[in-house]
Each structure stands twice: as structure tokens, then as C-alpha cells.
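Raw contents of my_file_25.cif, mmCIF, C-alpha atoms:
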```cif
data_structure
loop_
_atom_site.label_atom_id
_atom_site.label_comp_id
_atom_site.auth_asym_id
_atom_site.auth_seq_id
_atom_site.Cartn_x
_atom_site.Cartn_y
_atom_site.Cartn_z
CA MET A 1 106.63 64.31 130.68
CA SER A 2 110.14 65.45 129.75
CA ASP A 3 111.00 68.90 128.45
CA ALA A 4 112.02 67.43 125.09
CA VAL A 5 108.67 65.71 124.63
CA ALA A 6 106.75 68.76 125.80
CA ALA A 7 108.62 70.94 123.29
CA ALA A 8 107.94 68.62 120.36
CA PRO A 9 104.71 70.22 119.15
CA GLU A 10 106.38 73.65 119.07
CA ASN A 11 109.39 72.32 117.12
CA THR A 12 107.14 70.70 114.53
CA LYS A 13 105.33 73.97 113.88
CA PRO A 14 105.70 74.74 110.15
CA GLN A 15 108.23 77.43 109.35
CA ARG A 16 107.53 80.25 106.94
CA ASP A 17 109.15 79.36 103.61
CA PHE A 18 110.09 82.01 101.07
CA SER A 19 111.71 79.66 98.56
CA HIS A 20 108.83 80.32 96.15
CA ALA A 21 110.02 83.91 95.86
CA TRP A 22 112.94 82.93 93.61
CA ARG A 23 111.41 79.99 91.75
CA ALA A 24 111.96 81.54 88.30
CA LEU A 25 115.72 81.41 88.92
CA ARG A 26 115.56 77.63 88.79
CA HIS A 27 115.46 78.02 85.01
CA ARG A 28 118.97 78.19 83.54
CA ASN A 29 118.07 80.63 80.77
CA PHE A 30 116.46 83.05 83.20
CA ARG A 31 119.51 82.87 85.50
CA LEU A 32 121.71 83.84 82.55
CA PHE A 33 119.37 86.69 81.67
CA PHE A 34 119.32 87.86 85.29
CA GLY A 35 123.11 87.92 85.48
CA GLY A 36 123.66 89.76 82.21
CA GLN A 37 120.89 92.28 82.73
CA SER A 38 121.96 93.03 86.32
CA ILE A 39 125.21 94.42 84.96
CA SER A 40 123.83 96.12 81.86
CA LEU A 41 120.93 97.91 83.57
CA ILE A 42 123.24 99.80 85.94
CA GLY A 43 124.92 101.28 82.88
CA THR A 44 121.55 102.05 81.31
CA TRP A 45 120.42 104.07 84.34
CA MET A 46 123.77 105.87 84.43
CA THR A 47 123.21 106.93 80.82
CA ARG A 48 119.67 108.17 81.53
CA ILE A 49 120.86 110.42 84.34
CA ALA A 50 123.95 111.54 82.44
CA THR A 51 121.88 112.43 79.37
CA SER A 52 119.41 114.56 81.30
CA TRP A 53 122.20 116.36 83.17
CA LEU A 54 124.19 116.87 79.96
CA VAL A 55 121.17 118.42 78.24
CA TYR A 56 120.52 120.70 81.19
CA ARG A 57 124.20 121.69 81.38
CA LEU A 58 124.28 122.52 77.68
CA THR A 59 120.97 124.39 77.49
CA HIS A 60 119.56 125.18 80.98
CA SER A 61 116.15 124.63 79.35
CA ALA A 62 113.25 122.61 80.73
CA LEU A 63 111.70 122.71 77.25
CA LEU A 64 114.75 121.07 75.68
CA LEU A 65 114.80 118.42 78.40
CA GLY A 66 111.28 117.56 77.28
CA THR A 67 112.29 117.72 73.61
CA VAL A 68 115.18 115.27 74.05
CA SER A 69 112.89 112.88 75.91
CA PHE A 70 110.34 113.26 73.09
CA MET A 71 112.94 112.39 70.45
CA GLY A 72 114.01 109.35 72.45
CA GLN A 73 110.49 107.98 72.81
CA ILE A 74 108.44 109.01 69.75
CA PRO A 75 109.97 106.24 67.56
CA THR A 76 108.55 103.71 70.04
CA PHE A 77 105.06 105.17 69.60
CA LEU A 78 105.36 105.04 65.80
CA LEU A 79 107.13 101.72 65.35
CA ALA A 80 106.12 99.47 68.28
CA PRO A 81 102.98 97.95 66.63
CA LEU A 82 105.01 97.01 63.55
CA ALA A 83 107.82 95.74 65.80
CA GLY A 84 105.30 93.54 67.62
CA VAL A 85 104.33 91.86 64.36
CA LEU A 86 107.98 91.23 63.53
CA VAL A 87 108.63 89.83 67.01
CA ASP A 88 105.79 87.33 66.49
CA ARG A 89 107.29 86.33 63.11
CA MET A 90 111.01 86.16 64.08
CA GLU A 91 113.19 84.30 66.57
CA ARG A 92 112.99 86.51 69.65
CA ARG A 93 116.52 85.91 70.90
CA THR A 94 117.93 87.08 67.56
CA VAL A 95 115.90 90.29 67.82
CA LEU A 96 117.29 90.95 71.30
CA VAL A 97 120.91 90.27 70.38
CA TRP A 98 120.73 92.84 67.58
CA THR A 99 118.98 95.44 69.71
CA GLN A 100 121.68 95.09 72.38
CA ILE A 101 124.49 95.45 69.83
CA LEU A 102 122.93 98.60 68.37
CA ALA A 103 122.29 100.06 71.85
CA MET A 104 125.94 99.44 72.73
CA LEU A 105 127.06 101.36 69.64
CA GLN A 106 124.72 104.24 70.53
CA SER A 107 126.17 104.56 74.04
CA LEU A 108 129.74 104.39 72.76
CA ALA A 109 129.00 107.13 70.23
CA LEU A 110 127.71 109.36 73.04
CA ALA A 111 130.82 108.56 75.06
CA VAL A 112 133.25 109.47 72.26
CA LEU A 113 131.48 112.73 71.43
CA THR A 114 131.23 113.81 75.07
CA LEU A 115 134.77 112.85 76.10
CA THR A 116 136.21 114.67 73.08
CA HIS A 117 134.09 117.77 73.92
CA ARG A 118 132.35 117.72 70.54
CA ILE A 119 128.87 116.92 71.82
CA THR A 120 126.08 119.40 71.06
CA ILE A 121 122.35 119.28 71.66
CA HIS A 122 121.84 118.21 68.04
CA GLU A 123 123.90 115.02 68.48
CA VAL A 124 122.04 114.26 71.70
CA LEU A 125 118.70 114.64 69.90
CA TRP A 126 119.61 112.35 66.99
CA LEU A 127 121.26 109.69 69.14
CA SER A 128 118.24 109.74 71.46
CA ALA A 129 115.98 109.16 68.45
CA PHE A 130 118.19 106.24 67.38
CA GLN A 131 117.84 104.70 70.84
CA GLY A 132 114.08 105.14 70.56
CA VAL A 133 114.05 103.08 67.34
CA ILE A 134 116.03 100.35 69.13
CA ASN A 135 113.64 100.37 72.09
CA ALA A 136 110.63 99.99 69.80
CA PHE A 137 111.90 96.50 68.90
CA ASP A 138 113.68 95.66 72.15
CA MET A 139 110.80 96.13 74.59
CA PRO A 140 108.15 93.89 72.95
CA GLY A 141 110.89 91.40 72.12
CA ARG A 142 112.12 91.33 75.72
CA GLN A 143 108.60 91.02 77.18
CA SER A 144 107.64 88.25 74.75
CA PHE A 145 110.91 86.37 75.31
CA MET A 146 110.22 86.09 79.05
CA VAL A 147 107.89 83.11 78.61
CA GLN A 148 110.57 81.23 76.65
CA MET A 149 113.18 81.75 79.36
CA VAL A 150 111.08 80.39 82.22
CA GLU A 151 109.26 77.71 80.17
CA ASP A 152 106.85 76.89 83.02
CA ARG A 153 104.07 79.48 82.70
CA ALA A 154 103.26 79.11 86.41
CA ASN A 155 106.57 80.85 87.12
CA LEU A 156 105.99 83.68 84.65
CA SER A 157 104.61 86.15 87.20
CA ASN A 158 107.57 85.46 89.48
CA ALA A 159 110.00 86.04 86.60
CA ILE A 160 108.36 89.40 85.81
CA ALA A 161 108.57 90.42 89.48
CA ILE A 162 112.23 89.36 89.74
CA ASN A 163 112.97 91.26 86.53
CA SER A 164 111.33 94.34 88.05
CA SER A 165 113.43 93.90 91.20
CA MET A 166 116.54 93.75 89.03
CA VAL A 167 115.53 96.87 87.10
CA ASN A 168 114.91 98.78 90.30
CA LEU A 169 118.06 97.67 92.05
CA ALA A 170 119.83 99.10 89.02
CA ARG A 171 117.62 102.21 89.30
CA LEU A 172 118.89 102.55 92.87
CA ILE A 173 122.58 102.02 92.09
CA GLY A 174 122.86 103.60 88.62
CA PRO A 175 121.64 107.17 89.30
CA SER A 176 123.64 107.46 92.53
CA LEU A 177 126.76 106.19 90.78
CA ALA A 178 126.10 108.50 87.83
CA GLY A 179 125.84 111.51 90.15
CA LEU A 180 129.23 110.68 91.68
CA VAL A 181 130.88 110.06 88.29
CA ILE A 182 129.51 113.27 86.75
CA ALA A 183 130.60 115.33 89.76
CA ALA A 184 134.10 113.82 89.64
CA THR A 185 134.66 113.70 85.86
CA SER A 186 132.02 114.15 83.15
CA GLU A 187 128.93 112.57 81.63
CA GLY A 188 131.06 110.84 79.00
CA TRP A 189 132.37 108.24 81.44
CA CYS A 190 128.79 107.23 82.28
CA PHE A 191 128.12 106.62 78.58
CA LEU A 192 131.34 104.59 78.28
CA VAL A 193 130.44 102.37 81.25
CA ASP A 194 127.01 101.79 79.72
CA GLY A 195 128.45 100.85 76.34
CA VAL A 196 130.82 98.28 77.84
CA SER A 197 128.09 96.82 80.08
CA TYR A 198 126.09 95.61 77.07
CA ILE A 199 128.72 92.89 76.53
CA ALA A 200 127.33 91.05 79.59
CA VAL A 201 123.75 90.82 78.33
CA ILE A 202 124.81 89.91 74.76
CA ALA A 203 126.95 87.08 76.15
CA SER A 204 124.08 85.83 78.35
CA LEU A 205 121.68 85.73 75.40
CA LEU A 206 124.13 83.78 73.24
CA MET A 207 124.71 81.21 76.02
CA MET A 208 121.01 80.34 76.37
CA GLN A 209 119.54 77.05 75.16
CA ILE A 210 116.14 78.02 73.77
CA LYS A 211 113.42 75.55 72.81
CA PRO A 212 111.34 76.40 69.74
CA LEU A 213 107.86 77.77 70.41
CA ALA A 214 105.07 75.18 70.34
CA THR A 215 102.84 77.49 68.30
CA ALA A 216 103.56 77.85 64.58
CA ARG A 217 104.60 81.28 63.42
CA SER A 218 101.97 83.04 61.32
CA VAL A 219 102.44 83.44 57.58
CA ALA A 220 99.56 85.90 57.27
CA PRO A 221 100.31 89.31 55.72
CA MET A 222 101.66 91.88 58.17
CA ALA A 223 98.61 94.12 57.68
CA VAL A 224 96.35 91.26 58.76
CA GLN A 225 98.48 90.58 61.84
CA LEU A 226 98.47 94.27 62.75
CA ARG A 227 94.67 94.30 62.57
CA GLU A 228 94.40 91.10 64.65
CA GLY A 229 96.58 92.61 67.38
CA TRP A 230 94.59 95.84 67.46
CA GLU A 231 91.25 94.01 67.55
CA TYR A 232 92.41 91.94 70.52
CA VAL A 233 93.63 94.86 72.67
CA SER A 234 90.68 97.10 71.72
CA THR A 235 87.89 94.57 72.35
CA PHE A 236 89.15 92.59 75.37
CA VAL A 237 88.03 94.78 78.28
CA PRO A 238 90.78 93.93 80.84
CA VAL A 239 93.66 94.61 78.45
CA ARG A 240 91.99 97.69 76.97
CA THR A 241 91.29 99.21 80.39
CA ILE A 242 94.79 98.56 81.74
CA LEU A 243 96.41 100.03 78.63
CA THR A 244 94.13 103.08 78.77
CA LEU A 245 95.12 103.83 82.36
CA PHE A 246 98.79 103.40 81.61
CA ALA A 247 98.60 105.60 78.55
CA LEU A 248 97.26 108.32 80.86
CA VAL A 249 99.93 107.61 83.49
CA SER A 250 102.61 107.68 80.80
CA ILE A 251 101.46 111.04 79.43
CA MET A 252 100.78 112.80 82.72
CA GLY A 253 102.81 110.96 85.35
CA MET A 254 106.03 109.53 83.94
CA PRO A 255 107.44 112.84 82.60
CA PHE A 256 108.27 113.86 86.18
CA VAL A 257 111.67 112.24 85.48
CA VAL A 258 112.32 114.78 82.72
CA LEU A 259 111.94 117.63 85.21
CA MET A 260 114.20 116.16 87.89
CA PRO A 261 117.26 118.24 86.88
CA VAL A 262 115.12 121.38 87.30
CA PHE A 263 114.01 120.32 90.77
CA ALA A 264 117.57 119.38 91.74
CA ALA A 265 119.13 122.65 90.52
CA GLN A 266 116.42 125.29 91.00
CA VAL A 267 113.94 124.07 93.63
CA LEU A 268 116.35 122.22 95.93
CA ARG A 269 119.44 124.30 95.09
CA GLY A 270 121.68 121.28 94.48
CA GLY A 271 123.81 119.71 91.75
CA PRO A 272 124.25 116.35 90.01
CA HIS A 273 124.56 114.57 93.37
CA THR A 274 121.12 115.93 94.34
CA LEU A 275 119.70 114.54 91.11
CA GLY A 276 121.30 111.20 91.95
CA PHE A 277 119.75 111.23 95.44
CA LEU A 278 116.27 111.95 94.06
CA MET A 279 116.45 109.23 91.43
CA GLY A 280 117.98 106.85 93.95
CA ALA A 281 114.97 107.46 96.22
CA VAL A 282 112.67 106.54 93.32
CA GLY A 283 114.73 103.37 92.97
CA ILE A 284 114.32 102.48 96.65
CA GLY A 285 110.54 102.75 96.45
CA ALA A 286 110.41 100.80 93.21
CA LEU A 287 112.69 98.09 94.59
CA VAL A 288 110.54 97.65 97.71
CA SER A 289 107.49 97.38 95.45
CA ALA A 290 109.12 94.79 93.20
CA LEU A 291 110.29 92.69 96.16
CA SER A 292 106.77 92.69 97.60
CA LEU A 293 105.55 91.27 94.28
CA VAL A 294 108.31 88.65 94.24
CA LEU A 295 106.87 87.20 97.47
CA ARG A 296 103.44 86.68 95.88
CA LYS A 297 102.56 83.08 95.03
CA SER A 298 99.91 83.87 92.40
CA VAL A 299 98.60 86.54 90.06
CA ARG A 300 95.33 86.53 92.02
CA GLY A 301 94.61 89.82 93.76
CA LEU A 302 96.90 91.88 91.54
CA LEU A 303 94.11 93.67 89.69
CA LYS A 304 92.97 95.67 92.72
CA MET A 305 96.55 96.82 93.28
CA ILE A 306 96.60 98.80 90.02
CA PRO A 307 94.26 101.67 91.10
CA ILE A 308 95.85 101.71 94.58
CA ALA A 309 99.30 102.02 93.01
CA ALA A 310 98.16 104.78 90.65
CA SER A 311 96.72 106.69 93.61
CA LEU A 312 100.01 106.47 95.49
CA PHE A 313 101.90 107.59 92.39
CA GLY A 314 99.64 110.57 91.76
CA ALA A 315 99.47 111.69 95.40
CA GLY A 316 103.24 111.41 95.73
CA LEU A 317 103.73 113.66 92.69
CA VAL A 318 101.31 116.30 93.99
CA CYS A 319 103.08 116.46 97.36
CA PHE A 320 106.52 116.45 95.69
CA GLY A 321 105.52 119.54 93.74
CA LEU A 322 104.79 121.30 97.04
CA SER A 323 108.08 120.32 98.74
CA HIS A 324 111.16 122.55 99.04
CA TRP A 325 113.16 120.32 101.41
CA LEU A 326 115.50 117.62 100.11
CA TRP A 327 114.69 115.10 102.86
CA LEU A 328 110.94 115.43 102.25
CA SER A 329 111.36 115.34 98.48
CA MET A 330 113.39 112.12 98.76
CA ALA A 331 110.74 110.54 101.01
CA LEU A 332 108.03 111.46 98.51
CA MET A 333 110.11 110.03 95.67
CA VAL A 334 110.15 106.72 97.54
CA ILE A 335 106.33 106.75 97.51
CA VAL A 336 106.30 107.75 93.83
CA GLY A 337 108.69 104.93 92.97
CA PHE A 338 106.64 102.38 94.90
CA GLY A 339 103.36 103.37 93.24
CA MET A 340 104.89 103.58 89.77
CA MET A 341 106.51 100.13 89.92
CA GLN A 342 103.59 98.40 91.67
CA GLY A 343 101.20 99.48 88.94
CA MET A 344 103.56 98.77 86.07
CA THR A 345 104.55 95.29 87.24
CA ALA A 346 101.02 94.27 88.24
CA SER A 347 99.65 95.33 84.85
CA ASN A 348 102.48 93.61 82.97
CA THR A 349 101.92 90.37 84.90
CA ILE A 350 98.16 90.37 84.31
CA ILE A 351 98.49 91.07 80.58
CA GLN A 352 101.21 88.43 80.12
CA THR A 353 99.01 85.92 81.94
CA LEU A 354 95.91 86.66 79.85
CA VAL A 355 97.40 86.98 76.36
CA PRO A 356 97.50 83.94 74.00
CA GLU A 357 100.97 82.95 72.85
CA ASP A 358 100.37 83.61 69.13
CA LYS A 359 99.56 87.27 69.86
CA ARG A 360 102.10 87.90 72.63
CA GLY A 361 104.52 90.06 70.63
CA ARG A 362 101.76 92.25 69.22
CA VAL A 363 99.97 92.72 72.54
CA MET A 364 103.21 93.57 74.33
CA SER A 365 103.98 96.06 71.58
CA TYR A 366 100.78 97.92 72.50
CA TYR A 367 101.83 97.70 76.14
CA THR A 368 105.07 99.32 75.01
CA VAL A 369 103.11 102.05 73.22
CA ALA A 370 101.00 102.72 76.31
CA PHE A 371 103.90 102.67 78.74
CA VAL A 372 106.72 104.23 76.67
CA GLY A 373 105.24 105.40 73.38
CA MET A 374 102.85 107.90 74.98
CA ALA A 375 105.60 109.36 77.17
CA PRO A 376 107.09 111.62 74.46
CA PHE A 377 103.87 113.60 74.29
CA GLY A 378 103.94 113.85 78.06
CA SER A 379 107.57 114.95 77.97
CA LEU A 380 106.82 117.75 75.52
CA LEU A 381 103.76 118.76 77.53
CA ALA A 382 105.72 118.72 80.80
CA GLY A 383 108.57 120.70 79.27
CA TRP A 384 106.15 123.29 77.86
CA MET A 385 104.19 123.55 81.12
CA ALA A 386 107.37 123.83 83.21
CA HIS A 387 108.65 126.56 80.90
CA HIS A 388 105.49 128.64 81.37
CA LEU A 389 104.21 127.58 84.82
CA GLY A 390 107.29 126.25 86.58
CA ALA A 391 108.24 122.65 87.39
CA PRO A 392 106.43 122.45 90.79
CA ARG A 393 103.04 123.52 89.42
CA THR A 394 103.49 121.18 86.47
CA VAL A 395 104.04 118.15 88.68
CA ILE A 396 101.10 119.08 90.91
CA MET A 397 98.77 119.26 87.91
CA THR A 398 99.99 116.06 86.25
CA GLY A 399 99.83 114.15 89.54
CA SER A 400 96.20 115.25 89.95
CA CYS A 401 95.40 113.77 86.51
CA VAL A 402 96.91 110.44 87.59
CA LEU A 403 94.68 110.48 90.68
CA ALA A 404 91.63 111.01 88.48
CA GLY A 405 92.69 108.09 86.27
CA SER A 406 93.00 105.76 89.27
CA ALA A 407 89.45 106.68 90.35
CA TRP A 408 88.11 105.89 86.85
CA PHE A 409 89.94 102.53 86.78
CA ALA A 410 88.40 101.54 90.11
CA THR A 411 84.93 101.85 88.57
CA ARG A 412 85.88 99.28 85.90
CA LEU A 413 87.11 96.50 88.20
CA LYS A 414 83.88 94.49 88.24
CA ALA A 415 83.60 94.32 84.44
CA MET A 416 87.26 93.40 84.14
CA ARG A 417 87.04 90.55 86.65
CA ARG A 418 84.02 89.14 84.80
CA GLU A 419 86.00 88.81 81.54
CA MET A 420 89.24 87.68 83.19
CA ARG A 421 87.67 84.82 85.11
CA PRO A 422 87.24 82.33 82.19
CA VAL A 423 90.94 82.71 81.30
CA TYR A 424 92.01 82.27 84.93
CA GLU A 425 89.79 79.16 85.21
CA GLU A 426 91.32 77.68 82.04
CA LEU A 427 94.84 78.27 83.41
CA GLY A 428 93.94 76.78 86.79
CA ILE A 429 94.55 80.06 88.63
CA VAL A 430 91.02 80.01 90.09
CA LYS A 431 88.59 77.12 90.47
CA PRO A 432 85.50 77.00 88.24
CA ARG A 433 82.41 78.39 89.94
CA THR A 434 80.74 74.95 89.91
CA ALA A 435 83.67 73.51 91.84
CA GLN A 436 83.53 76.32 94.38
CA ALA A 437 79.84 75.82 95.15
#
```
Could you rewrite the structure in this file as C-alpha cells?
Amino acid sequence: MSDAVAAAPENTKPQRDFSHAWRALRHRNFRLFFGGQSISLIGTWMTRIATSWLVYRLTHSALLLGTVSFMGQIPTFLLAPLAGVLVDRMERRTVLVWTQILAMLQSLALAVLTLTHRITIHEVLWLSAFQGVINAFDMPGRQSFMVQMVEDRANLSNAIAINSSMVNLARLIGPSLAGLVIAATSEGWCFLVDGVSYIAVIASLLMMQIKPLATARSVAPMAVQLREGWEYVSTFVPVRTILTLFALVSIMGMPFVVLMPVFAAQVLRGGPHTLGFLMGAVGIGALVSALSLVLRKSVRGLLKMIPIAASLFGAGLVCFGLSHWLWLSMALMVIVGFGMMQGMTASNTIIQTLVPEDKRGRVMSYYTVAFVGMAPFGSLLAGWMAHHLGAPRTVIMTGSCVLAGSAWFATRLKAMRREMRPVYEELGIVKPRTAQA
């Protein structure tokens, strides 16, 4: 037997194929969205870092850092349910175009005031509140629009994972770039870059060719639609349990970002570049998490990842509060970023898979409330605790609460799987029990 013949079986061995990892990019509309958002999100993360450093430079107050974050997020808590109803009643692309235009104007206003040295904490507070109003409409609109961009619902989970990868690549690049820009010039240039970057995402939205939704838009009164949305999220056990955990994570866990300038300046004895390194480390962990989800072929198995991710997030925060070394703090921020993004993306994917199309905007508005709308209360709490107890003790205590929440969620997995199964069977994600016998 010749060498060529003997080698044949080895050469015909199937190769590992990762083409499924990018299947959502086969859709033209999603490719446009990916391109525009990739540019815009870098500017968004630059603005987040620049805003926190500007507030700390102006006030040197952990309490005011929490207050600014509160002002930027409380409108989302108050307005998101109403915004969800409007998203279900309106053309979603139109909603997003207007939110991007208004966000661009907000960033440019910050840039002008900062570059002309007329910025005060009062302008930062009011412009942050304005951005919060925009986000209340933008987030449920963006989440609901995802299914229209990919069209094939089988690719929805992949689109969400790719979107998370894009967000976290920007999270990696934006803070590091912001730290360099602030150290070299001022925060105002970060705001200017952000304002200009919105042009890319507005252009991508206008270039899309969107098919009308198959489901008719409701003509019921808004009060009725609000009640329908609340009844769905409060009575369907999987959605209710996921949103409850993430409300806790948002209140107790997410405000660690607000305290990062304090850790960078006081605990680690650094400057804006240190803040950039810490937030960049969060971005690395989150990006690794998102890429691991991109490689998944199905939503199956994601539910058990939520309590695991919350445990990693909480444990990482507790250990970060104990660290006084930059290298260790950065390593812990990688773990924090991984756990945070794994839980957020897994929960988003599961909810988007379960929710019926006619309630998508309203359900995602409650997801927005749980994920973003609860954060202002956490920001105020974290700022108050850091003012009286110090930032390290604050993060240790809040991380411990996240750990407790993950343990509670784990006790609910069986009941959640029982109610999720009929939906998964209807969608063809799992086989009916009779077929599996």
C-alpha cells in the first residue's frame, strides 16, 4: 500500500469549522449595523471615562461621582416601560435614528463646554440626565431591532453575541484611548470624538433595507399595553427570575465602575492612564466572554451560565476591594469583566429567544430597567458608602451581595427549565420529550 493511500483516512478527517461563529454577518443589515456601531462605540466609551474623570477632577468627591451616574441613569428607570410601549407601536429604525442624533448633540455640547473651559458640575449633571432620557428609548429600541436586522431567528443568539463582542472590543479600546487623550490634552477632545463618531451609526441605519414586521402593531391604549408587558414579565418565571437577579447585580455590582477613579487615584496612586488600564482590563475579560459566546451554536446550556457568571463577577469584586497592586487589580478586573458580560449576554439571549414578537419592545424595556434603570440607585448607594466607608470596603460588600444573588438564582434553575421547555420545543431548539424517548 502506498503512502498516499495509507494517508487518505487521515486527510479525510473532518476539520473543525468555526464559520458558524459569524453567521449573523451574512445579513446585510447586520453588517451595516456592525460597521457603524464599531466606530461609534469607541467614542461612547471614551465619553464614559472622560465624564467620570472630569467629575472627579472638578470635585474630588466619590459622592458626586455617584450622583452624576444617578442623574444619567434615573430617566431610564422612570421612562423605559413607556419607551417600550412606544417602540412596539413605532418603526424601530426611526426611533434609533433620532436617539443617535440627540446623543450626538449631547456629546458635542459637552465638548464645546469643556474645550472652552466653561464646564461645571451642574452642566455635567443636566447633560447626563439628558443622555439618560435618550438611553431610555435607545436601549429597548436597539434590542428589539436586532431581530429585524438578522431576519432569521436562528441567528439571533449569534447576532447578540457578536454585538457583545463589538461592545467589548470598544470597551477595550475606548478607555485606553481616553486615558491617553486626557493625559495629553483634556476630556473635551474625548467628547468631540464621540460626537463625530455618531455619524457612522446614523449612516448605517439609513442605508438598511428593512422589511415590515409580520405582526400587526397594536392599537390598544398605552395603559393596556403597559399592563400587558408587566403581566408577562411578572408571571413568566424564567423572565422574572433573570430580571430579578440582574436588578440585584445592577444595584450592587455595576456601580463599581463609578468608583474606578477613586481606586485609580487613591488606592493605586495613579492618574487617568491608570483608570484607562483598569477599564481596559474589564474590556479584555468582557471581550473574551463575548467571543466564547459567539462560538456557541445554540442557546441551549446558557441558563446554567448565568449563576456561574454572577459568582465570578461577585468574587472578582470582593478580591478587587482587597488589592493594592495594579497588576493584581487589572487581573481581577479581567475576571470581573468576564463574569459581567457572560451573565448579561446569556440573559439577553435567553429573554430574546423566549419573548413573543408583539411584546418584544415592552419586555426589553423591563430588561433595560433591570440592567440600567436600577443602576442609579446603586450608584448613589456606592457613592454614599464610599464616602463613609471607603471605596475598597464598599466594593467588598457589594460583591458579597452579588455572590448571594447567584446562589439564590441557582436554586431556581429547575423551575425555570420546566417553563422554558415548551417554548424551546416550539422553536425547534430542543426535541419534544415524546421524540426523545
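Proximity of A:Phe263, A:Phe377, A:Phe371, A:Phe256 to Gly316 in chain A, computed with all atoms listed in the file, is greatest for A:Phe256.
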**Q.** Between CA of Val355 in chain A and CA of Ile308 in chain A - distance in Å to one decimal
**A.**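 Spanning CA of Ile308 in chain A to CA of Val355 in chain A is a straight-line distance of 23.5 Å.
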Q: Give me the residues within 8 Å of range 395-412 of chain A as an MDAnalysis selection string, counting all atoms listed in the file and dropping any in the same chain fewer than 4 places off.
A: chainID A and resid 241 245 248:249 252:253 256 304 306:308 310:311 313:322 391 416
Q. In Å, with one decimal, what is the gap from CA of Ile199 in chain A to CA of Leu291 in chain A?
A.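 If I compute the distance from CA of Ile199 in chain A to CA of Leu291 in chain A, I get 26.9 Å.
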(Q) Under the rule that only C-alpha atoms are counted, which of A:Val257, A:Met364, A:Leu102, A:Val267 is the nearest residue to Leu243 in chain A? (A) A:Met364
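One distance worth recording is that between CA of Leu82 in chain A and CA of Leu226 in chain A, which is 7.1 Å.
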**Q.** Explicit residue set for the PyMOL selection byres ((chain A and resi 229-236) around 10), as a VMD selection string
**A.** chain A and resid 81 84 to 85 224 to 228 237 to 244 355 358 to 367 416 419 to 420
Q.
Neighbouring residues of Trp53 in chain A were defined as those with any atom within 12 Å, considering all atoms listed in the file; residues of the same chain fewer than 3 positions away were excluded. Please report them as an MDAnalysis selection string.
A. chainID A and resid 46:50 56:62 64:65 68 121 124 175 178:179 181:183 186:188 190 257:265 271:276
Write a file of the selected residues as a tab-separated table (two decimals), in the coordinates of the input, keeping C-alpha atoms.
```tsv
chain	number	residue	atom	x	y	z
A	46	MET	CA	123.77	105.87	84.43
A	47	THR	CA	123.21	106.93	80.82
A	48	ARG	CA	119.67	108.17	81.53
A	49	ILE	CA	120.86	110.42	84.34
A	50	ALA	CA	123.95	111.54	82.44
A	56	TYR	CA	120.52	120.70	81.19
A	57	ARG	CA	124.20	121.69	81.38
A	58	LEU	CA	124.28	122.52	77.68
A	59	THR	CA	120.97	124.39	77.49
A	60	HIS	CA	119.56	125.18	80.98
A	61	SER	CA	116.15	124.63	79.35
A	62	ALA	CA	113.25	122.61	80.73
A	64	LEU	CA	114.75	121.07	75.68
A	65	LEU	CA	114.80	118.42	78.40
A	68	VAL	CA	115.18	115.27	74.05
A	121	ILE	CA	122.35	119.28	71.66
A	124	VAL	CA	122.04	114.26	71.70
A	175	PRO	CA	121.64	107.17	89.30
A	178	ALA	CA	126.10	108.50	87.83
A	179	GLY	CA	125.84	111.51	90.15
A	181	VAL	CA	130.88	110.06	88.29
A	182	ILE	CA	129.51	113.27	86.75
A	183	ALA	CA	130.60	115.33	89.76
A	186	SER	CA	132.02	114.15	83.15
A	187	GLU	CA	128.93	112.57	81.63
A	188	GLY	CA	131.06	110.84	79.00
A	190	CYS	CA	128.79	107.23	82.28
A	257	VAL	CA	111.67	112.24	85.48
A	258	VAL	CA	112.32	114.78	82.72
A	259	LEU	CA	111.94	117.63	85.21
A	260	MET	CA	114.20	116.16	87.89
A	261	PRO	CA	117.26	118.24	86.88
A	262	VAL	CA	115.12	121.38	87.30
A	263	PHE	CA	114.01	120.32	90.77
A	264	ALA	CA	117.57	119.38	91.74
A	265	ALA	CA	119.13	122.65	90.52
A	271	GLY	CA	123.81	119.71	91.75
A	272	PRO	CA	124.25	116.35	90.01
A	273	HIS	CA	124.56	114.57	93.37
A	274	THR	CA	121.12	115.93	94.34
A	275	LEU	CA	119.70	114.54	91.11
A	276	GLY	CA	121.30	111.20	91.95
```
**Q.** Residues matched by the PyMOL selection byres ((chain A and resi 38) around 9), written as a list in words
**A.**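 Applying the expression gives Phe33, Phe34, Gly35, Gly36, Gln37, Ile39, Ser40, Leu41, Ile42, Met166, Val167, Leu169, Ala170, Ala200 and Val201 of chain A.
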Q: Report as a list in words the residues that result from applying the PyMOL selection byres ((chain A and resi 209) around 12) to the structure here.
A: His27, Arg28, Asn29, Phe30, Arg31, Leu32, Phe33, Arg93, Gln148, Met149, Val150, Glu151, Ser204, Leu205, Leu206, Met207, Met208, Ile210, Lys211 and Pro212 of chain A
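Among the candidates A:Gly280, A:Pro75, A:Gly378, A:Gly195, the residue lying nearest to Val112 in chain A is A:Gly195 (atoms considered: all atoms listed in the file).
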(Q) From the options A:Ser347, A:Asn135, A:Thr114, A:Thr120, which residue's atoms come nearest to Val372 in chain A, counting all atoms listed in the file? (A)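 Nearest to Val372 in chain A: A:Asn135.
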Q. Residues at most 8 Å from Pro376 in chain A, counting only C-alpha atoms, excluding those fewer than 4 positions away in the same chain, as JSON, numbers by chain?
A. {"A": [66, 69, 70, 71, 72, 73, 74, 251, 372, 380]}
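The neighbours of range 334-342 of chain A here are the residues that come within 7 Å of it, using all atoms listed in the file and leaving out any residue fewer than 5 positions away in the same chain; they are Ala281, Val282, Gly283, Ile284, Gly285, Ala286, Val288, Ser289, Ala290, Ala309, Ala310, Leu312, Phe313, Gly316 and Leu317 of chain A.
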Q: May I ask which of the residues A:Ala223, A:Phe277, A:Ser144, A:Leu302 is the closest one to Leu156 in chain A, counting all atoms listed in the file?
A: A:Ser144
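Closest approach to Asn155 in chain A among A:Lys297, A:Val95, A:Ala129, A:Ala83: A:Lys297, based on all atoms listed in the file.
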Q. Which neighbours of Thr99 in chain A fall inside 7 Å, counting all atoms listed in the file, when residues of the same chain fewer than 4 positions from it are skipped, and could you give them as a PyMOL selection string?
A. chain A and resi 95+103+134+138
